[in-house]
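Here's model06.txt, which has compact mmCIF, C-alpha atoms:
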# COMPACT_ATOMS: atom_id res chain seq x y z
CA MET A 1 -48.22 -170.40 166.40
CA LEU A 2 -48.42 -170.96 162.65
CA ASP A 3 -49.94 -168.39 160.33
CA THR A 4 -51.95 -170.97 158.37
CA LEU A 5 -52.65 -174.69 158.62
CA ILE A 6 -54.03 -176.73 155.73
CA LYS A 7 -55.50 -179.97 157.12
CA ASN A 8 -57.19 -183.14 155.83
CA ALA A 9 -55.30 -182.99 152.55
CA VAL A 10 -54.01 -185.53 150.06
CA VAL A 11 -50.59 -183.98 149.49
CA ILE A 12 -48.40 -184.49 146.43
CA PRO A 13 -45.08 -183.02 147.61
CA MET A 14 -43.05 -183.55 144.40
CA THR A 15 -40.07 -184.60 146.49
CA GLU A 16 -39.96 -188.26 145.44
CA LYS A 17 -41.35 -190.17 142.48
CA GLY A 18 -44.81 -191.57 143.18
CA LEU A 19 -44.97 -190.16 146.72
CA TYR A 20 -48.17 -188.74 148.19
CA TYR A 21 -49.63 -188.44 151.70
CA ASP A 22 -53.20 -189.07 152.81
CA GLY A 23 -54.71 -187.14 155.72
CA CYS A 24 -51.80 -184.70 155.77
CA CYS A 25 -51.39 -181.23 157.27
CA ILE A 26 -49.23 -178.38 155.97
CA GLY A 27 -48.18 -175.58 158.29
CA ILE A 28 -47.22 -172.18 156.90
CA GLU A 29 -45.34 -169.41 158.66
CA GLY A 30 -43.89 -166.23 157.18
CA GLY A 31 -44.84 -167.33 153.67
CA ARG A 32 -42.82 -170.56 154.01
CA ILE A 33 -43.71 -174.17 154.63
CA ALA A 34 -42.86 -174.84 158.26
CA TYR A 35 -44.53 -178.18 158.94
CA ILE A 36 -45.72 -181.31 157.11
CA GLY A 37 -47.30 -184.17 159.03
CA ARG A 38 -50.43 -185.67 160.51
CA ASP A 39 -50.58 -183.56 163.67
CA GLU A 40 -52.58 -180.34 163.69
CA PRO A 41 -50.48 -177.55 165.22
CA GLU A 42 -52.24 -174.37 166.28
CA ALA A 43 -52.60 -171.72 163.62
CA ASN A 44 -54.24 -168.35 163.17
CA GLU A 45 -56.12 -169.66 160.14
CA VAL A 46 -57.15 -173.23 159.37
CA ILE A 47 -58.07 -174.35 155.87
CA ASP A 48 -59.84 -177.70 155.74
CA ALA A 49 -59.00 -179.42 152.47
CA GLY A 50 -61.69 -182.02 153.09
CA GLY A 51 -59.68 -184.75 151.40
CA ARG A 52 -58.92 -182.74 148.29
CA ILE A 53 -55.55 -182.87 146.55
CA VAL A 54 -52.96 -180.27 147.54
CA MET A 55 -49.75 -179.82 145.56
CA PRO A 56 -47.16 -177.21 144.56
CA GLY A 57 -48.38 -174.44 142.29
CA LEU A 58 -47.65 -174.92 138.59
CA ILE A 59 -44.88 -172.97 136.88
CA ASN A 60 -45.53 -171.64 133.38
CA ALA A 61 -42.01 -171.49 131.93
CA HIS A 62 -42.89 -169.70 128.70
CA ALA A 63 -45.66 -167.17 128.22
CA HIS A 64 -46.48 -163.93 126.47
CA THR A 65 -49.18 -163.15 128.99
CA ALA A 66 -50.43 -159.85 127.58
CA MET A 67 -51.27 -161.58 124.30
CA CYS A 68 -54.58 -162.47 125.93
CA VAL A 69 -55.80 -159.33 124.14
CA MET A 70 -55.29 -161.25 120.86
CA ARG A 71 -56.95 -164.50 121.97
CA GLY A 72 -58.73 -165.86 118.89
CA TYR A 73 -57.55 -162.99 116.69
CA ALA A 74 -55.16 -164.94 114.43
CA ASP A 75 -56.13 -168.60 114.40
CA ASP A 76 -55.11 -171.23 111.83
CA TYR A 77 -51.99 -169.58 110.42
CA PRO A 78 -48.46 -171.03 110.10
CA LEU A 79 -45.91 -169.41 112.41
CA GLN A 80 -44.15 -167.09 109.96
CA SER A 81 -47.32 -165.54 108.50
CA TRP A 82 -48.98 -165.60 111.93
CA LEU A 83 -46.05 -163.69 113.38
CA PHE A 84 -45.09 -161.26 110.61
CA ASP A 85 -48.48 -160.67 108.95
CA LYS A 86 -50.82 -160.78 111.94
CA VAL A 87 -49.07 -160.42 115.30
CA PHE A 88 -46.25 -157.93 114.67
CA PRO A 89 -48.59 -155.31 113.10
CA VAL A 90 -50.93 -155.49 116.10
CA GLU A 91 -48.08 -155.35 118.58
CA ALA A 92 -46.84 -152.16 116.93
CA ARG A 93 -50.16 -150.55 117.91
CA LEU A 94 -50.44 -151.80 121.48
CA ASP A 95 -49.71 -149.24 124.19
CA GLU A 96 -48.88 -149.78 127.84
CA ARG A 97 -52.48 -149.66 129.02
CA ALA A 98 -53.55 -152.34 126.52
CA ILE A 99 -50.59 -154.55 127.40
CA VAL A 100 -51.16 -154.28 131.14
CA SER A 101 -54.84 -155.07 130.67
CA GLY A 102 -53.92 -158.26 128.83
CA ALA A 103 -51.33 -159.18 131.43
CA VAL A 104 -53.79 -158.76 134.30
CA LEU A 105 -56.39 -160.87 132.52
CA GLY A 106 -53.73 -163.51 131.88
CA MET A 107 -52.64 -163.55 135.49
CA ALA A 108 -56.26 -163.97 136.55
CA GLU A 109 -56.56 -166.95 134.21
CA MET A 110 -53.35 -168.49 135.49
CA LEU A 111 -54.31 -168.12 139.14
CA ALA A 112 -57.69 -169.72 138.50
CA SER A 113 -56.04 -172.70 136.78
CA GLY A 114 -53.28 -173.31 139.30
CA THR A 115 -50.26 -171.41 138.01
CA THR A 116 -48.39 -169.54 140.73
CA SER A 117 -45.24 -168.49 138.83
CA PHE A 118 -44.62 -167.61 135.19
CA SER A 119 -41.74 -166.67 132.89
CA ASP A 120 -42.92 -163.93 130.60
CA MET A 121 -41.47 -162.36 127.46
CA TYR A 122 -43.25 -159.24 126.24
CA PHE A 123 -43.34 -155.45 126.18
CA CYS A 124 -43.92 -152.80 128.89
CA GLN A 125 -42.64 -155.21 131.51
CA PRO A 126 -41.88 -152.59 134.18
CA ALA A 127 -45.62 -151.80 134.22
CA VAL A 128 -46.47 -155.53 134.17
CA ALA A 129 -44.11 -156.00 137.12
CA ARG A 130 -46.09 -153.44 139.11
CA ALA A 131 -49.34 -155.23 138.26
CA ALA A 132 -47.90 -158.61 139.21
CA LYS A 133 -46.69 -157.19 142.50
CA ASP A 134 -50.15 -155.79 143.28
CA ILE A 135 -51.76 -159.15 142.45
CA GLY A 136 -49.16 -161.14 144.35
CA MET A 137 -47.97 -163.51 141.62
CA ARG A 138 -44.45 -164.82 141.19
CA ALA A 139 -42.86 -163.94 137.84
CA ASN A 140 -39.67 -163.77 135.78
CA LEU A 141 -40.11 -160.89 133.33
CA CYS A 142 -38.18 -159.86 130.23
CA ASN A 143 -38.55 -157.88 127.02
CA ALA A 144 -36.88 -159.69 124.13
CA VAL A 145 -34.46 -157.87 121.85
CA LEU A 146 -35.49 -158.04 118.18
CA ALA A 147 -32.81 -156.54 115.94
CA ILE A 148 -34.66 -156.38 112.62
CA GLY A 149 -33.79 -154.00 109.80
CA ASP A 150 -30.68 -152.18 108.58
CA ASP A 151 -31.54 -149.11 110.65
CA TYR A 152 -31.75 -151.02 113.96
CA ASP A 153 -30.32 -149.00 116.87
CA PHE A 154 -29.60 -151.01 120.01
CA GLU A 155 -29.57 -148.02 122.33
CA ALA A 156 -32.89 -146.74 120.96
CA ASP A 157 -34.60 -150.13 121.27
CA ARG A 158 -37.53 -150.11 123.70
CA ALA A 159 -36.61 -153.63 124.79
CA VAL A 160 -33.12 -152.48 125.75
CA LYS A 161 -34.42 -149.53 127.74
CA GLU A 162 -37.02 -151.64 129.54
CA THR A 163 -34.50 -154.38 130.29
CA ARG A 164 -32.26 -151.89 132.04
CA ILE A 165 -35.22 -150.63 134.07
CA LEU A 166 -36.13 -154.20 135.06
CA ILE A 167 -32.56 -155.01 136.06
CA ASP A 168 -32.24 -151.85 138.14
CA GLY A 169 -35.66 -152.24 139.74
CA LEU A 170 -35.95 -155.99 140.25
CA GLY A 171 -32.63 -157.79 139.98
CA ALA A 172 -32.21 -161.56 140.20
CA ASN A 173 -34.01 -162.21 143.49
CA GLY A 174 -37.46 -161.80 144.97
CA LEU A 175 -41.03 -162.60 144.07
CA ILE A 176 -40.70 -160.79 140.74
CA ARG A 177 -37.38 -161.02 138.92
CA ALA A 178 -35.74 -159.58 135.85
CA ASP A 179 -34.65 -161.86 133.05
CA VAL A 180 -32.98 -160.85 129.79
CA ALA A 181 -34.03 -162.13 126.38
CA ILE A 182 -32.98 -162.71 122.79
CA HIS A 183 -36.16 -163.13 120.76
CA ALA A 184 -34.65 -165.74 118.42
CA GLU A 185 -31.70 -166.50 116.18
CA TYR A 186 -33.63 -165.35 113.09
CA THR A 187 -34.56 -161.96 114.57
CA SER A 188 -31.09 -161.01 115.83
CA SER A 189 -27.37 -161.41 115.25
CA PRO A 190 -24.26 -162.52 117.17
CA ASP A 191 -23.29 -158.97 118.12
CA ILE A 192 -26.71 -158.54 119.77
CA TRP A 193 -26.36 -161.90 121.52
CA ALA A 194 -23.08 -160.71 123.02
CA LYS A 195 -24.68 -157.58 124.44
CA VAL A 196 -27.59 -159.48 126.00
CA HIS A 197 -25.24 -162.15 127.33
CA ALA A 198 -23.14 -159.44 128.98
CA TRP A 199 -26.20 -158.35 130.99
CA ALA A 200 -26.89 -161.91 132.04
CA LYS A 201 -23.30 -162.46 133.12
CA GLU A 202 -22.94 -159.17 134.98
CA HIS A 203 -26.22 -159.43 136.89
CA GLY A 204 -26.63 -163.20 137.27
CA LEU A 205 -29.81 -163.37 135.19
CA VAL A 206 -31.62 -166.04 133.20
CA THR A 207 -31.71 -165.49 129.42
CA GLN A 208 -34.98 -166.38 127.69
CA ILE A 209 -34.93 -167.26 123.98
CA HIS A 210 -37.05 -168.93 121.30
CA LEU A 211 -35.16 -171.89 119.86
CA ALA A 212 -35.75 -174.41 117.07
CA GLU A 213 -39.49 -173.81 116.91
CA THR A 214 -40.00 -174.56 113.22
CA LYS A 215 -38.31 -176.48 110.42
CA ALA A 216 -37.99 -173.28 108.36
CA GLU A 217 -36.25 -171.55 111.27
CA CYS A 218 -33.71 -174.37 111.46
CA GLU A 219 -33.07 -174.35 107.72
CA GLY A 220 -32.54 -170.59 107.88
CA ALA A 221 -30.05 -170.91 110.73
CA LEU A 222 -28.03 -173.45 108.76
CA SER A 223 -27.88 -171.11 105.77
CA ARG A 224 -26.88 -168.12 107.91
CA HIS A 225 -24.37 -169.77 110.23
CA GLY A 226 -23.54 -173.14 108.75
CA VAL A 227 -24.75 -174.73 112.00
CA THR A 228 -28.02 -175.03 113.91
CA ALA A 229 -29.32 -172.12 115.98
CA ALA A 230 -28.48 -174.03 119.16
CA GLU A 231 -24.90 -174.58 118.06
CA ALA A 232 -24.59 -170.95 116.97
CA PHE A 233 -25.72 -169.77 120.41
CA TYR A 234 -23.36 -172.31 121.99
CA ARG A 235 -20.35 -171.13 119.96
CA HIS A 236 -21.06 -167.50 120.79
CA GLY A 237 -21.22 -168.13 124.54
CA VAL A 238 -24.93 -167.44 125.03
CA PHE A 239 -25.29 -170.75 126.94
CA ASP A 240 -22.46 -169.92 129.35
CA THR A 241 -25.03 -168.37 131.70
CA PRO A 242 -28.46 -169.86 132.59
CA VAL A 243 -30.76 -170.06 129.57
CA LEU A 244 -34.45 -170.91 129.27
CA ALA A 245 -35.15 -171.86 125.65
CA ALA A 246 -38.74 -172.10 124.46
CA HIS A 247 -39.98 -174.85 122.13
CA GLY A 248 -37.02 -176.97 120.97
CA VAL A 249 -39.22 -178.77 118.45
CA TRP A 250 -36.47 -179.28 115.85
CA LEU A 251 -33.43 -179.88 118.05
CA THR A 252 -30.90 -182.40 116.76
CA GLU A 253 -29.24 -185.01 118.97
CA ASN A 254 -26.11 -182.86 118.94
CA ASP A 255 -28.18 -179.82 119.95
CA MET A 256 -29.59 -181.76 122.89
CA ALA A 257 -26.10 -182.78 123.99
CA LEU A 258 -24.96 -179.14 123.88
CA LEU A 259 -27.98 -177.98 125.88
CA ALA A 260 -27.41 -180.68 128.48
CA GLU A 261 -23.72 -179.78 128.73
CA LYS A 262 -24.58 -176.14 129.43
CA ASN A 263 -27.61 -176.88 131.68
CA VAL A 264 -29.99 -175.09 129.30
CA SER A 265 -33.67 -175.63 130.14
CA VAL A 266 -36.23 -176.20 127.38
CA ALA A 267 -39.81 -174.98 127.83
CA HIS A 268 -42.00 -177.46 125.96
CA CYS A 269 -45.18 -175.78 124.63
CA PRO A 270 -47.14 -178.65 123.06
CA VAL A 271 -50.50 -176.93 122.51
CA SER A 272 -49.00 -173.91 120.74
CA ASN A 273 -46.61 -176.05 118.70
CA LEU A 274 -49.48 -178.22 117.48
CA LYS A 275 -51.81 -175.30 116.75
CA LEU A 276 -49.17 -173.51 114.66
CA GLY A 277 -48.24 -176.74 112.91
CA SER A 278 -44.67 -176.44 114.11
CA GLY A 279 -44.24 -180.08 115.07
CA ILE A 280 -43.80 -182.21 118.18
CA ALA A 281 -40.74 -181.78 120.39
CA ASP A 282 -39.01 -185.02 121.36
CA ILE A 283 -38.98 -184.43 125.09
CA ALA A 284 -38.23 -188.06 125.91
CA ALA A 285 -35.01 -187.79 123.91
CA MET A 286 -34.21 -184.49 125.62
CA GLN A 287 -34.62 -186.06 129.02
CA ARG A 288 -32.44 -189.02 128.06
CA ALA A 289 -29.79 -186.51 126.97
CA GLY A 290 -30.00 -184.80 130.37
CA VAL A 291 -31.88 -181.65 129.36
CA ASN A 292 -34.12 -180.03 131.97
CA VAL A 293 -37.55 -180.00 130.28
CA CYS A 294 -40.26 -177.75 131.71
CA LEU A 295 -43.63 -176.62 130.37
CA GLY A 296 -45.10 -173.43 128.97
CA THR A 297 -48.33 -172.30 127.39
CA ASP A 298 -46.85 -169.73 125.02
CA GLY A 299 -49.23 -166.84 124.39
CA ALA A 300 -53.02 -167.01 124.29
CA CYS A 301 -52.90 -165.92 120.65
CA SER A 302 -51.38 -169.28 119.71
CA ASN A 303 -52.82 -171.59 122.35
CA ASN A 304 -55.60 -170.13 123.13
CA SER A 305 -55.50 -170.61 126.88
CA LEU A 306 -53.03 -170.32 129.75
CA ASP A 307 -54.24 -173.53 131.43
CA LEU A 308 -51.04 -175.42 132.19
CA PHE A 309 -52.94 -178.58 133.08
CA GLU A 310 -53.62 -178.97 129.34
CA GLU A 311 -49.89 -178.88 128.69
CA VAL A 312 -49.14 -181.43 131.42
CA LYS A 313 -51.47 -184.04 129.99
CA LEU A 314 -50.60 -183.36 126.37
CA ALA A 315 -46.86 -183.48 127.06
CA ALA A 316 -47.21 -186.98 128.45
CA LEU A 317 -49.51 -188.17 125.67
CA LEU A 318 -47.41 -186.78 122.82
CA ALA A 319 -44.25 -188.36 124.21
CA LYS A 320 -46.01 -191.72 124.37
CA GLY A 321 -47.44 -191.36 120.89
CA ARG A 322 -44.22 -190.16 119.29
CA SER A 323 -42.15 -192.97 120.78
CA LEU A 324 -44.87 -195.67 120.62
CA ASP A 325 -43.93 -196.26 124.24
CA PRO A 326 -46.60 -195.70 126.94
CA THR A 327 -43.84 -195.45 129.56
CA ALA A 328 -41.87 -192.72 127.76
CA VAL A 329 -43.12 -189.95 130.06
CA CYS A 330 -45.08 -191.13 133.08
CA ALA A 331 -47.55 -189.02 135.06
CA TYR A 332 -45.00 -188.04 137.69
CA ASP A 333 -42.48 -186.99 135.02
CA ALA A 334 -45.10 -184.76 133.37
CA LEU A 335 -46.04 -183.16 136.67
CA GLU A 336 -42.38 -182.67 137.53
CA MET A 337 -41.95 -180.65 134.34
CA ALA A 338 -44.66 -178.24 135.51
CA THR A 339 -43.26 -177.86 139.03
CA VAL A 340 -39.72 -178.90 139.97
CA ASN A 341 -38.24 -178.48 136.49
CA GLY A 342 -39.96 -175.15 135.98
CA ALA A 343 -38.47 -173.87 139.22
CA LYS A 344 -35.02 -174.89 138.06
CA ALA A 345 -35.54 -173.17 134.71
CA GLN A 346 -36.53 -169.93 136.46
CA GLY A 347 -33.48 -170.01 138.72
CA ARG A 348 -35.75 -170.79 141.67
CA ASP A 349 -34.62 -174.34 142.41
CA GLY A 350 -34.86 -174.96 146.15
CA GLU A 351 -37.35 -172.12 146.53
CA VAL A 352 -40.55 -173.29 144.80
CA GLY A 353 -41.86 -176.34 142.98
CA ARG A 354 -42.10 -178.68 145.98
CA ILE A 355 -44.03 -178.93 149.23
CA ALA A 356 -41.14 -179.26 151.63
CA ALA A 357 -39.91 -177.50 154.76
CA GLY A 358 -38.33 -174.16 153.96
CA TYR A 359 -39.90 -173.83 150.51
CA ALA A 360 -42.18 -170.92 149.68
CA ALA A 361 -45.84 -171.74 150.30
CA ASP A 362 -46.88 -171.62 146.64
CA ILE A 363 -49.68 -174.15 146.91
CA ILE A 364 -52.79 -175.13 144.98
CA MET A 365 -55.80 -177.24 145.92
CA ILE A 366 -57.69 -179.38 143.40
CA ASN A 367 -61.30 -180.44 143.73
CA SER A 368 -60.66 -184.15 143.36
CA ALA A 369 -64.33 -184.91 144.09
CA ALA A 370 -65.28 -183.65 140.62
CA PRO A 371 -67.14 -186.30 138.57
CA HIS A 372 -64.47 -186.47 135.85
CA ILE A 373 -61.77 -187.19 138.44
CA CYS A 374 -63.52 -189.76 140.64
CA PRO A 375 -62.54 -192.35 141.69
CA VAL A 376 -58.95 -191.51 142.66
CA TYR A 377 -56.70 -194.54 142.87
CA ASP A 378 -53.45 -192.65 142.33
CA PRO A 379 -53.61 -188.88 143.01
CA ILE A 380 -50.64 -188.17 140.75
CA SER A 381 -52.17 -189.94 137.77
CA SER A 382 -55.54 -188.34 138.49
CA VAL A 383 -54.02 -184.86 138.45
CA VAL A 384 -52.19 -185.46 135.18
CA TYR A 385 -54.75 -187.40 133.17
CA SER A 386 -58.11 -186.31 134.64
CA ALA A 387 -57.80 -182.87 136.24
CA LYS A 388 -58.38 -179.57 134.45
CA GLY A 389 -57.44 -176.05 135.36
CA SER A 390 -61.07 -175.42 136.26
CA ASP A 391 -60.75 -177.98 139.07
CA VAL A 392 -58.43 -175.68 141.00
CA CYS A 393 -60.31 -174.35 144.01
CA MET A 394 -57.49 -172.51 145.78
CA THR A 395 -54.24 -170.85 144.71
CA MET A 396 -51.75 -169.52 147.23
CA VAL A 397 -48.45 -167.67 146.69
CA GLU A 398 -46.05 -167.24 149.62
CA GLY A 399 -48.80 -168.26 152.01
CA ARG A 400 -51.26 -165.69 150.71
CA VAL A 401 -54.49 -166.95 149.14
CA LEU A 402 -54.96 -165.17 145.81
CA TYR A 403 -57.81 -167.25 144.38
CA ARG A 404 -60.42 -169.38 146.12
CA ASP A 405 -63.68 -171.00 145.05
CA GLY A 406 -64.16 -168.90 141.94
CA LYS A 407 -63.14 -165.60 143.51
CA TRP A 408 -59.98 -163.57 142.94
CA LEU A 409 -58.94 -161.92 146.19
CA THR A 410 -56.32 -159.47 144.87
CA LEU A 411 -57.80 -158.30 141.58
CA ASP A 412 -61.12 -157.13 140.18
CA ILE A 413 -61.98 -159.69 137.52
CA ASN A 414 -64.87 -157.67 136.08
CA LYS A 415 -62.58 -154.67 135.61
CA ALA A 416 -59.88 -156.87 134.08
CA ILE A 417 -62.30 -158.20 131.46
CA ALA A 418 -63.80 -154.77 130.79
CA ASP A 419 -60.36 -153.18 130.32
CA VAL A 420 -59.51 -155.72 127.64
CA GLU A 421 -62.87 -155.61 125.88
CA ARG A 422 -63.34 -151.84 125.91
CA TYR A 423 -59.77 -150.59 125.48
CA ALA A 424 -57.46 -153.26 124.08
CA VAL A 425 -59.76 -154.98 121.56
CA PRO A 426 -60.40 -151.80 119.49
CA ILE A 427 -56.62 -151.33 119.23
CA VAL A 428 -56.19 -154.91 118.07
CA LEU A 429 -58.90 -154.41 115.45
CA ASN A 430 -57.43 -150.98 114.54
CA LYS A 431 -60.76 -149.24 115.06

Translate the structure of the given file into structure tokens.
Amino acid sequence: MLDTLIKNAVVIPMTEKGLYYDGCCIGIEGGRIAYIGRDEPEANEVIDAGGRIVMPGLINAHAHTAMCVMRGYADDYPLQSWLFDKVFPVEARLDERAIVSGAVLGMAEMLASGTTSFSDMYFCQPAVARAAKDIGMRANLCNAVLAIGDDYDFEADRAVKETRILIDGLGANGLIRADVAIHAEYTSSPDIWAKVHAWAKEHGLVTQIHLAETKAECEGALSRHGVTAAEAFYRHGVFDTPVLAAHGVWLTENDMALLAEKNVSVAHCPVSNLKLGSGIADIAAMQRAGVNVCLGTDGACSNNSLDLFEEVKLAALLAKGRSLDPTAVCAYDALEMATVNGAKAQGRDGEVGRIAAGYAADIIMINSAAPHICPVYDPISSVVYSAKGSDVCMTMVEGRVLYRDGKWLTLDINKAIADVERYAVPIVLNK
């Protein structure tokens, strides 16, 4: 007997372009998808989708989840002043309790808007890992190394210490995994890259980085190295192990070729890039070059939400507008970025991102009867161009329902909000 059966669903499996099933059932056993078809096998629990759309959970490939505590704090600034004048001073004050409160609030937001797995770069990640485990989310966690200043000491760096704890405690497998991270070319140096790369190589880990986010960053890299940041990382071997690079707004054609050669994934963050005035990444060109493009929200301080459905729609629209070609990125391609491609970027290809036998039951249900979605001629197009994160009515990770019909089943949402408002906000405001 199955553990759970979802019946009467319109299923988008993400296994073949344009494919969806009407009146479909999904059987779940041991946290895995065990059956897909029109029959209704016996199960301990039956969830009637009532004709709603069911699809793989979304994968947020680049987030700073705890930055929810700074949502709306530093709006309308360019990246460099936003980062160095506003964000870094606040981050120097944040303690573990404040960071965990932001991370929990962010996970609540992601679950309610259909994200089941996220790649996160921030501080106090061992504590965030414990919170994510309690909530039941899937996550790749890292603390990025920033080697700023003449007195920088690698061994004394909090990021280095936390990375070692993550590696020892989590490793490269499981619901919650350790990643390693280089913050960016402009906040580090080749000797630091070599040390982080050594971790990745020894332990089989994904390396997260920020790459080619702004024009100024790219001009600085050329002055420092005589080549682009991407080529500098390439020459120093950083791309010889799996890399997930956020942004890629200012990549050159040669950069794209190098990334494709080394199977580097790029997390496109269109909302954040637009809000910070960084530019528009040419994801259609990346895809033509063979780069695996996925989607991220970035942090809520530069977005200001973690609703990945916004990114899905905007990614498709920006690609069309930039190229003057309405076929540049179709609905399925955009949805693939948020599911299949995100799984690949996280090192979870073949595990999540599709509804297929043997895959983890990371599944979301969308209320496709909402007025702004009806009528539904093509479920895939409806999800991409009409649906919003607020249309998600169920979120499941490994067969366990974590969010349903406005209720979080594994966290106290009132406490999560209160912890941020009463504890973290005064620290942000330095009161």

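By only C-alpha atoms, and with residues fewer than 2 positions from Gly169 in chain A along its chain excluded, the set lying at most 12 Å from it is Gln125, Pro126, Ala127, Ala129, Arg130, Leu141, Glu162, Thr163, Arg164, Ile165, Leu166, Ile167, Gly171, Ala172, Asn173, Gly174, Ile176, Arg177, Ala178 and Asp179 of chain A.
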
Requested in this report: Excluding range 282-288 of chain A and residues on its chain fewer than 6 positions from it, collect all residues at most 7 Å away from it, counting all atoms listed in the file, and give them as a list of chain:residue names.
Outcome: A:Val249, A:Met256, A:Ala319, A:Ala328, A:Val329

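Nearest residue to Tyr332 in chain A, choosing from A:Glu421, A:Glu29, A:Asp48, A:Asp378 and counting only C-alpha atoms: A:Asp378.
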
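Going from CA of Pro41 in chain A to CA of Ala9 in chain A covers 14.6 Å.
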
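The closest residue to Ser278 in chain A, picked from A:Ser302, A:Asn263, A:Ser223, A:Thr65 and counting only C-alpha atoms, is A:Ser302.
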
Requested in this report: Would you kindly return, as a ChimeraX atom specification, each protein, DNA or RNA residue with an atom no farther than 9 Å from any atom of Gly18 in chain A, considering only C-alpha atoms and excluding same-chain residues fewer than 2 positions away?
Outcome: /A:12,14,16,20,331-332,378,380

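Reported to one decimal place, the separation of CA of Asp120 in chain A from CA of Pro78 in chain A is 22.4 Å.
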
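Comparing A:Asp391, A:Asp3, A:Asp298, A:Asp76 by their smallest distance to Glu42 in chain A, the closest is A:Asp3 (using only C-alpha atoms).
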
Requested in this report: Pick out the closest residue to Val90 in chain A from this set: A:Ile148, A:Met394, A:Cys301, A:Leu105. Count all atoms listed in the file.
Outcome: A:Cys301

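Our summary of the geometry notes that CA of Thr339 in chain A is positioned 21.8 Å from CA of Thr241 in chain A.
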
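When all atoms listed in the file are used to compute distances to Ile33 in chain A, the closest of the residues A:Ala356, A:Cys393, A:Leu317, A:Cys142 turns out to be A:Ala356.
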
Report summary line: Across A:Leu211, A:Met1, A:Leu251, A:Leu318, the smallest distance to Pro270 in chain A, with all atoms listed in the file counted, is shown by A:Leu318

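The neighbours of Glu91 in chain A here are the residues that come within 12 Å of it, using only C-alpha atoms and leaving out any residue fewer than 4 positions away in the same chain; they are His64, Ala66, Met67, Val69, Met70, Leu83, Phe84, Asp85, Lys86, Val87, Asp95, Glu96, Ala98, Ile99, Tyr122, Phe123, Cys124, Cys301, Ala424, Ile427, Val428, Leu429 and Asn430 of chain A.
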
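When the distance limit is 10 Å and all atoms listed in the file are what count, the residues near Cys68 in chain A, minus those fewer than 6 positions from it on the same chain, are Ile99, Ser101, Gly102, Ala103, Val104, Leu105, Gly106, Met107, Glu109, Gly299, Ala300, Cys301, Ser302, Asn303, Asn304, Ser305, Leu306, Val420 and Ala424 of chain A.
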
File dump, residues just selected, C-alpha atoms, as a short mmCIF file (atom, residue, chain, number, x, y, z; two decimals), in the coordinates of the input:
data_model
loop_
_atom_site.label_atom_id
_atom_site.label_comp_id
_atom_site.auth_asym_id
_atom_site.auth_seq_id
_atom_site.Cartn_x
_atom_site.Cartn_y
_atom_site.Cartn_z
CA ILE A 99 -50.59 -154.55 127.40
CA SER A 101 -54.84 -155.07 130.67
CA GLY A 102 -53.92 -158.26 128.83
CA ALA A 103 -51.33 -159.18 131.43
CA VAL A 104 -53.79 -158.76 134.30
CA LEU A 105 -56.39 -160.87 132.52
CA GLY A 106 -53.73 -163.51 131.88
CA MET A 107 -52.64 -163.55 135.49
CA GLU A 109 -56.56 -166.95 134.21
CA GLY A 299 -49.23 -166.84 124.39
CA ALA A 300 -53.02 -167.01 124.29
CA CYS A 301 -52.90 -165.92 120.65
CA SER A 302 -51.38 -169.28 119.71
CA ASN A 303 -52.82 -171.59 122.35
CA ASN A 304 -55.60 -170.13 123.13
CA SER A 305 -55.50 -170.61 126.88
CA LEU A 306 -53.03 -170.32 129.75
CA VAL A 420 -59.51 -155.72 127.64
CA ALA A 424 -57.46 -153.26 124.08
#

Take range 142-148 of chain A, bring it up to N, CA, C and O atoms, and give me the output as a PDB file, in the coordinates of the input.
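Listed below is the output, rebuild.pdb:
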ATOM      1  N   CYS A 142     -39.192-160.379 131.154  1.00  0.00           N
ATOM      2  CA  CYS A 142     -38.180-159.860 130.230  1.00  0.00           C
ATOM      3  C   CYS A 142     -38.856-159.273 129.006  1.00  0.00           C
ATOM      4  O   CYS A 142     -40.014-159.579 128.703  1.00  0.00           O
ATOM      5  N   ASN A 143     -38.130-158.415 128.310  1.00  0.00           N
ATOM      6  CA  ASN A 143     -38.550-157.880 127.020  1.00  0.00           C
ATOM      7  C   ASN A 143     -37.488-158.289 126.019  1.00  0.00           C
ATOM      8  O   ASN A 143     -36.331-157.886 126.127  1.00  0.00           O
ATOM      9  N   ALA A 144     -37.856-159.110 125.052  1.00  0.00           N
ATOM     10  CA  ALA A 144     -36.880-159.690 124.130  1.00  0.00           C
ATOM     11  C   ALA A 144     -36.375-158.668 123.114  1.00  0.00           C
ATOM     12  O   ALA A 144     -37.140-157.890 122.549  1.00  0.00           O
ATOM     13  N   VAL A 145     -35.075-158.726 122.864  1.00  0.00           N
ATOM     14  CA  VAL A 145     -34.460-157.870 121.850  1.00  0.00           C
ATOM     15  C   VAL A 145     -34.695-158.475 120.471  1.00  0.00           C
ATOM     16  O   VAL A 145     -34.347-159.625 120.206  1.00  0.00           O
ATOM     17  N   LEU A 146     -35.319-157.689 119.591  1.00  0.00           N
ATOM     18  CA  LEU A 146     -35.490-158.040 118.180  1.00  0.00           C
ATOM     19  C   LEU A 146     -34.713-157.017 117.363  1.00  0.00           C
ATOM     20  O   LEU A 146     -35.051-155.835 117.365  1.00  0.00           O
ATOM     21  N   ALA A 147     -33.659-157.459 116.708  1.00  0.00           N
ATOM     22  CA  ALA A 147     -32.810-156.540 115.940  1.00  0.00           C
ATOM     23  C   ALA A 147     -33.095-156.733 114.460  1.00  0.00           C
ATOM     24  O   ALA A 147     -32.324-157.370 113.730  1.00  0.00           O
ATOM     25  N   ILE A 148     -34.221-156.194 114.008  1.00  0.00           N
ATOM     26  CA  ILE A 148     -34.660-156.380 112.620  1.00  0.00           C
ATOM     27  C   ILE A 148     -34.484-155.073 111.856  1.00  0.00           C
ATOM     28  O   ILE A 148     -34.866-154.001 112.327  1.00  0.00           O
TER      29      ILE A 148
END
